[in-house]
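Q: Structure provided below as structure tokens; questions to follow.
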Amino acid sequence: MTSRSVLLEAKQLGKQFKTGSGTLDLFVDLNLTIHAGETIAIIGKSGAGKSTLLSLLAGLDTATSGTVEFEGKPLESLSDAERAKLRADKIAFIFQSFHLLPELTAQDNVALPLEIRQQPDAESTANEWLNNVGLGDRTDHYPSQLSGGEQQRVAIARAFAGSPALLFADEPTGNLDEATGQQIVEQLFSLNEQQGTTLILITHDLELAKRCQRRIQLSNGAIEELS
């Protein structure tokens, strides 16, 4: 792993929230190094701060102290517009709630981020990725016409269609039954291996976490690398 370049790095990361009785330190001096091509699971109990950490690593939120560097560049040195462009160009997300636009077809949901990037072959790329996830015959269907598993497969196609360097998956099977969730997991890891994407998986599922090369426990504002 040491031969791979560092893609994402958190240095002495701190996040503080104001409460009615004072302040809450969610993270203090948190350090994490992620190499290109790694698969990493961040696990922890509800309320441990997993989603907050995702937001900080993705530049969706700003830390109280410390830095997050993507490809060696501190995210806090970028403007909001520059961070948004970075995410559009190099980072993708898969969420528990799918986040598909209900008024758009499966094809249009996958193509829209590519069109925003002014990619000329957005429609054909969208169709290709829907085929890759087994939905080639559902391209003109709306989210309401798709099952939960099919909607998550559209979300997976949308994530990979832009060839991201980094993919965040936040509880990707949380809204699915066990059998469907297992199918989604197999597809997610298979496609991720084929594409060589760096995957950061946020989960409370220890069995799912074991699919990753590294497992990181988040508890009491600190992280521990599990064997």
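Residue numbering restarts at 1 for every chain of the structure tokens, chains are lettered A, B, ... in their displayed order, and ligands are numbered from 1 as they appear.
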Please identify all polymer residues within 8 Å of Asp25 of chain A, counting only C-alpha atoms, omitting same-chain residues fewer than 4 positions from it, and present them as a list in words.

A: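 Listed by chain and then number, they are Gly14, Lys15, Gln16, Phe17 and Gly221 of chain A.
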
Q: Dump N, CA and C atoms for the selected residues as a tab-separated table (two decimals), in the first residue's frame?

A:
chain	number	residue	atom	x	y	z
A	14	GLY	N	-10.34	18.72	13.91
A	14	GLY	CA	-11.22	18.95	15.04
A	14	GLY	C	-12.55	19.52	14.58
A	15	LYS	N	-13.63	19.10	15.23
A	15	LYS	CA	-14.95	19.63	14.92
A	15	LYS	C	-15.68	19.88	16.23
A	16	GLN	N	-16.11	21.12	16.41
A	16	GLN	CA	-16.75	21.55	17.64
A	16	GLN	C	-18.13	22.11	17.34
A	17	PHE	N	-19.09	21.76	18.16
A	17	PHE	CA	-20.45	22.26	18.02
A	17	PHE	C	-20.84	23.02	19.28
A	221	GLY	N	-14.67	10.54	19.64
A	221	GLY	CA	-13.88	11.56	18.99
A	221	GLY	C	-12.54	11.11	18.47

Q: Please provide as a PyMOL selection string all residues within 12 Å of Gln107 of chain A, with the sequence filter that same-chain residues fewer than 6 positions apart are discarded (counting only C-alpha atoms).

A: chain A and resi 100-101+113-115+122-131+135-143+151+153-155+157-158+161

Q: From segment 155-203 of chain A, collect each residue whose DSSP state is strand (DSSP E or B) and return the set as a list in words.

A: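 After running DSSP on the backbone, segment 155-203 of chain A has strand (DSSP E or B) at Leu166, Leu167, Phe168, Ala169, Asp170, Thr198, Leu199, Ile200, Leu201, Ile202 and Thr203 of chain A.
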
Q: Quick one: residues within 9 Å of Val6 of chain A, only C-alpha atoms, excluding same-chain residues fewer than 2 positions away - as a list of chain:residue names?

A: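 Non-adjacent residues within range: A:Thr2, A:Arg4, A:Leu8, A:Glu9, A:Thr33, A:Ile34, A:His35, A:Ala36, A:Phe70, A:Glu71, A:Gly72.
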
Q: Let me see the file: selected residues, N, CA, C and O atoms, as a short mmCIF file (atom, residue, chain, number, x, y, z; two decimals), in the first residue's frame.

A:
data_model
loop_
_atom_site.label_atom_id
_atom_site.label_comp_id
_atom_site.auth_asym_id
_atom_site.auth_seq_id
_atom_site.Cartn_x
_atom_site.Cartn_y
_atom_site.Cartn_z
N THR A 2 2.08 1.14 0.49
CA THR A 2 2.93 2.33 0.59
C THR A 2 3.32 2.86 -0.78
O THR A 2 3.71 4.00 -0.91
N ARG A 4 1.32 3.36 -3.20
CA ARG A 4 0.24 4.18 -3.74
C ARG A 4 0.35 5.60 -3.21
O ARG A 4 0.76 5.84 -2.07
N LEU A 8 -6.18 11.32 0.09
CA LEU A 8 -6.93 12.14 1.04
C LEU A 8 -6.27 12.02 2.41
O LEU A 8 -5.90 10.92 2.83
N GLU A 9 -6.13 13.16 3.07
CA GLU A 9 -5.47 13.12 4.38
C GLU A 9 -6.09 14.15 5.32
O GLU A 9 -6.25 15.32 4.97
N THR A 33 -4.97 8.93 6.97
CA THR A 33 -4.35 8.97 5.65
C THR A 33 -4.98 7.88 4.79
O THR A 33 -5.04 6.72 5.20
N ILE A 34 -5.42 8.26 3.59
CA ILE A 34 -6.08 7.33 2.67
C ILE A 34 -5.34 7.36 1.35
O ILE A 34 -5.14 8.43 0.75
N HIS A 35 -4.90 6.19 0.90
CA HIS A 35 -4.16 6.07 -0.34
C HIS A 35 -5.08 5.78 -1.52
O HIS A 35 -6.15 5.19 -1.36
N ALA A 36 -4.65 6.17 -2.70
CA ALA A 36 -5.42 5.94 -3.91
C ALA A 36 -5.67 4.45 -4.10
O ALA A 36 -4.76 3.63 -3.97
N PHE A 70 -6.87 17.05 -0.18
CA PHE A 70 -7.19 16.16 -1.29
C PHE A 70 -6.12 16.32 -2.35
O PHE A 70 -5.90 17.42 -2.84
N GLU A 71 -5.42 15.23 -2.65
CA GLU A 71 -4.29 15.26 -3.57
C GLU A 71 -3.30 16.35 -3.18
O GLU A 71 -2.74 17.05 -4.02
N GLY A 72 -3.07 16.49 -1.87
CA GLY A 72 -2.07 17.41 -1.35
C GLY A 72 -2.52 18.85 -1.20
O GLY A 72 -1.75 19.68 -0.70
#

Q: Leaving out Thr39 of chain A and any residue of its chain fewer than 3 positions from it, which residues lie within 8 Å of it when counting only C-alpha atoms, given as a PDB file with C-alpha atoms, in the first residue's frame?

A:
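Writing done, so here's part.pdb:
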ATOM      1  CA  THR A 198     -10.897   4.765  -3.738  1.00  0.00           C
ATOM      2  CA  LEU A 199     -13.898   3.735  -1.634  1.00  0.00           C
ATOM      3  CA  ILE A 200     -14.798   5.105   1.787  1.00  0.00           C
ATOM      4  CA  LEU A 201     -17.709   3.153   3.221  1.00  0.00           C
ATOM      5  CA  CYS A 212     -12.918  -3.451   2.887  1.00  0.00           C
ATOM      6  CA  GLN A 213      -9.113  -3.563   3.044  1.00  0.00           C
ATOM      7  CA  ARG A 214      -9.078  -1.333   6.119  1.00  0.00           C
TER       8      ARG A 214
END

Q: Find the distance between atom CA of Ser77 of chain A and atom CA of Ser55 of chain A and write it in Å to one decimal.

A: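 Computing it gives 16.3 Å between the two atoms.
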